[in-house]
Amino acid sequence: MKIVIVIPTYNEKENVAVLLPLVFSIVPDAHVVVADDNSPDGTGQAVLDMRAQFPNLSLLSRDEKNGLGKAYVNAFSKVLEADDVESVVMMDADLSHQPKYLPEMFKKSEAHDVVIGSRYVAGGGTVGWESWRRALSFFGNLYCRLVARIPANDCTAGYNVINAKLLRQIDLSKISTSGYAFQIELKYLLRKAGASFYEVPIIFANRTKGESKMSADIVKEGIIAPWKMRFKK
């Protein structure tokens, strides 16, 4: 089974230097695509420098930064051109998604189309978050689950293993969200395509290096997007 792990980056030079060796030590046969938005800190060059050590590592560069959703859509479009890709993994670069969970997620993906690294099932949780962010995430996920009717406790999770065959059935060009609401819209479309879901508990550790991409606009998009999805033709 060919597995491709897609990691979007913007100014994550220090983090990828730690993350990529960890990923390949745990899943050495996986292929990793770093989708970098022309990071001014040299993330792209750092990835290129590591290719001699990791032959299954590749860099996909974009000229500008225009949202997480656009970065993933662009990467998915390229990755899915290869017919032998069977699973696509979504993973953050900031070490909040620990690679140690990948073997269990891959195991569950043998029987389920979408496997979520979940903070909101028994055994899951977060570390290093302020109380306001825990509340925002918890109630935001409850809101999304009720409005968009996604059969998962962690609708906004960015750590996912997806059946590539099902992902190919989605018209990625119609995805309208650009921020973290992309995680919701993608799961919504996968659910509409008939995906089965499973959640593997993870401990989500807050980033220690680099800056969070959270903003007021991202939160606003997350509030509006589920209603747009529900009533979209």
# chains A, B, ... in the order shown; residues from 1 in each chain; ligands from 1
>>> closest_atom_pairs(of="region 156-194 of chain A", to="region 79-94 of chain A", cutoff="10 Å", atoms="only C-alpha atoms", output="JSON lines")
{"residue": "A:Ala157", "atom": "CA", "partner": "A:Met90", "partner_atom": "CA", "distance": 9.5}
{"residue": "A:Gly158", "atom": "CA", "partner": "A:Met91", "partner_atom": "CA", "distance": 6.1}
{"residue": "A:Tyr159", "atom": "CA", "partner": "A:Met91", "partner_atom": "CA", "distance": 4.9}
{"residue": "A:Asn160", "atom": "CA", "partner": "A:Met90", "partner_atom": "CA", "distance": 5.1}
{"residue": "A:Val161", "atom": "CA", "partner": "A:Val89", "partner_atom": "CA", "distance": 4.4}
{"residue": "A:Ile162", "atom": "CA", "partner": "A:Val88", "partner_atom": "CA", "distance": 5.2}
{"residue": "A:Asn163", "atom": "CA", "partner": "A:Ser87", "partner_atom": "CA", "distance": 4.9}
{"residue": "A:Ala164", "atom": "CA", "partner": "A:Ser87", "partner_atom": "CA", "distance": 4.9}
{"residue": "A:Lys165", "atom": "CA", "partner": "A:Glu86", "partner_atom": "CA", "distance": 6.8}
{"residue": "A:Leu166", "atom": "CA", "partner": "A:Ser87", "partner_atom": "CA", "distance": 9.6}
{"residue": "A:Leu167", "atom": "CA", "partner": "A:Leu80", "partner_atom": "CA", "distance": 8.4}
{"residue": "A:Arg168", "atom": "CA", "partner": "A:Leu80", "partner_atom": "CA", "distance": 7.1}
{"residue": "A:Gln183", "atom": "CA", "partner": "A:Met90", "partner_atom": "CA", "distance": 9.7}
>>> residues_around(residues="Ala152 (chain A)", least_positions_apart="5", cutoff="9 Å", atoms="only C-alpha atoms", output="NGL selection string")
:A and (116 or 118 or 120 or 141 or 145 or 197-199)
>>> residues_around(residues="Tyr10 (chain A)", least_positions_apart="3", cutoff="9 Å", atoms="only C-alpha atoms", output="NGL selection string")
:A and (13 or 35-41 or 43 or 65 or 93)
>>> select_by_dssp(residues="region 66-207 of chain A", states="strand (DSSP E or B)", output="list of chain:residue names")
A:Val85, A:Glu86, A:Ser87, A:Val88, A:Val89, A:Met90, A:Val114, A:Val115, A:Ile116, A:Gly117, A:Ser118, A:Gly125, A:Thr126, A:Val127, A:Asn160, A:Val161, A:Ile162, A:Asn163, A:Phe197, A:Tyr198, A:Glu199, A:Val200, A:Pro201, A:Ile203, A:Phe204, A:Ala205
>>> write_last_selection(atoms="C-alpha atoms", output="PDB file, in the first residue's frame")
ATOM      1  CA  VAL A  85      -1.507   5.943  -4.038  1.00  0.00           C
ATOM      2  CA  GLU A  86      -3.932   4.187  -1.694  1.00  0.00           C
ATOM      3  CA  SER A  87      -3.900   6.366   1.414  1.00  0.00           C
ATOM      4  CA  VAL A  88      -3.327  10.090   1.938  1.00  0.00           C
ATOM      5  CA  VAL A  89      -2.373  11.452   5.344  1.00  0.00           C
ATOM      6  CA  MET A  90      -2.961  15.011   6.514  1.00  0.00           C
ATOM      7  CA  VAL A 114     -11.372   8.193   7.147  1.00  0.00           C
ATOM      8  CA  VAL A 115      -9.348   7.729  10.322  1.00  0.00           C
ATOM      9  CA  ILE A 116      -9.107  10.794  12.530  1.00  0.00           C
ATOM     10  CA  GLY A 117      -6.439  11.469  15.128  1.00  0.00           C
ATOM     11  CA  SER A 118      -8.973  12.674  17.660  1.00  0.00           C
ATOM     12  CA  GLY A 125      -6.844  15.359  24.779  1.00  0.00           C
ATOM     13  CA  THR A 126      -4.735  18.492  24.472  1.00  0.00           C
ATOM     14  CA  VAL A 127      -1.613  19.748  26.247  1.00  0.00           C
ATOM     15  CA  ASN A 160      -6.315  12.292   9.168  1.00  0.00           C
ATOM     16  CA  VAL A 161      -5.734   9.163   7.100  1.00  0.00           C
ATOM     17  CA  ILE A 162      -8.005   9.118   4.043  1.00  0.00           C
ATOM     18  CA  ASN A 163      -8.762   6.415   1.499  1.00  0.00           C
ATOM     19  CA  PHE A 197     -15.203   7.214   9.976  1.00  0.00           C
ATOM     20  CA  TYR A 198     -13.101   6.044  12.903  1.00  0.00           C
ATOM     21  CA  GLU A 199     -11.384   8.099  15.603  1.00  0.00           C
ATOM     22  CA  VAL A 200      -8.054   7.116  17.168  1.00  0.00           C
ATOM     23  CA  PRO A 201      -7.343   8.980  20.416  1.00  0.00           C
ATOM     24  CA  ILE A 203      -2.802  13.806  22.736  1.00  0.00           C
ATOM     25  CA  PHE A 204      -2.487  17.060  20.829  1.00  0.00           C
ATOM     26  CA  ALA A 205       0.564  18.971  22.053  1.00  0.00           C
TER      27      ALA A 205
END
>>> atom_distance(atom1="CA of Gly194 (chain A)", atom2="CA of Asn153 (chain A)")
17.6 Å
>>> residues_around(residues="Ser58 (chain A)", least_positions_apart="2", cutoff="9 Å", atoms="only C-alpha atoms", output="PDB file with C-alpha atoms, in the first residue's frame")
ATOM      1  CA  HIS A  31       6.203   9.024   0.945  1.00  0.00           C
ATOM      2  CA  VAL A  32       6.163  12.520   2.404  1.00  0.00           C
ATOM      3  CA  VAL A  33       5.199  15.637   0.461  1.00  0.00           C
ATOM      4  CA  VAL A  34       5.936  18.960   2.138  1.00  0.00           C
ATOM      5  CA  ALA A  35       3.664  21.593   0.606  1.00  0.00           C
ATOM      6  CA  VAL A  47      13.383  20.118   3.046  1.00  0.00           C
ATOM      7  CA  LEU A  48      15.474  19.926  -0.124  1.00  0.00           C
ATOM      8  CA  ARG A  51      16.209  14.642   0.513  1.00  0.00           C
ATOM      9  CA  PHE A  54      15.248  10.547   2.872  1.00  0.00           C
ATOM     10  CA  PRO A  55      14.647   9.504  -0.779  1.00  0.00           C
ATOM     11  CA  ASN A  56      10.845   9.351  -0.263  1.00  0.00           C
ATOM     12  CA  LEU A  60       5.860  20.974  -3.491  1.00  0.00           C
TER      13      LEU A  60
END
>>> closest_residue(among="A:Gly123, A:Phe24, A:Ala75, A:Arg149", to="Leu102 (chain A)", atoms="only C-alpha atoms")
A:Phe24
>>> select_by_dssp(residues="region 33-221 of chain A", states="helix (DSSP H, G or I)", output="VMD selection string")
chain A and resid 43 to 50 68 to 79 99 to 109 131 to 148 164 to 167 172 to 174 181 to 192 216 to 221
>>> atom_distance(atom1="CA of Ala30 (chain A)", atom2="CA of Val4 (chain A)")
6.0 Å
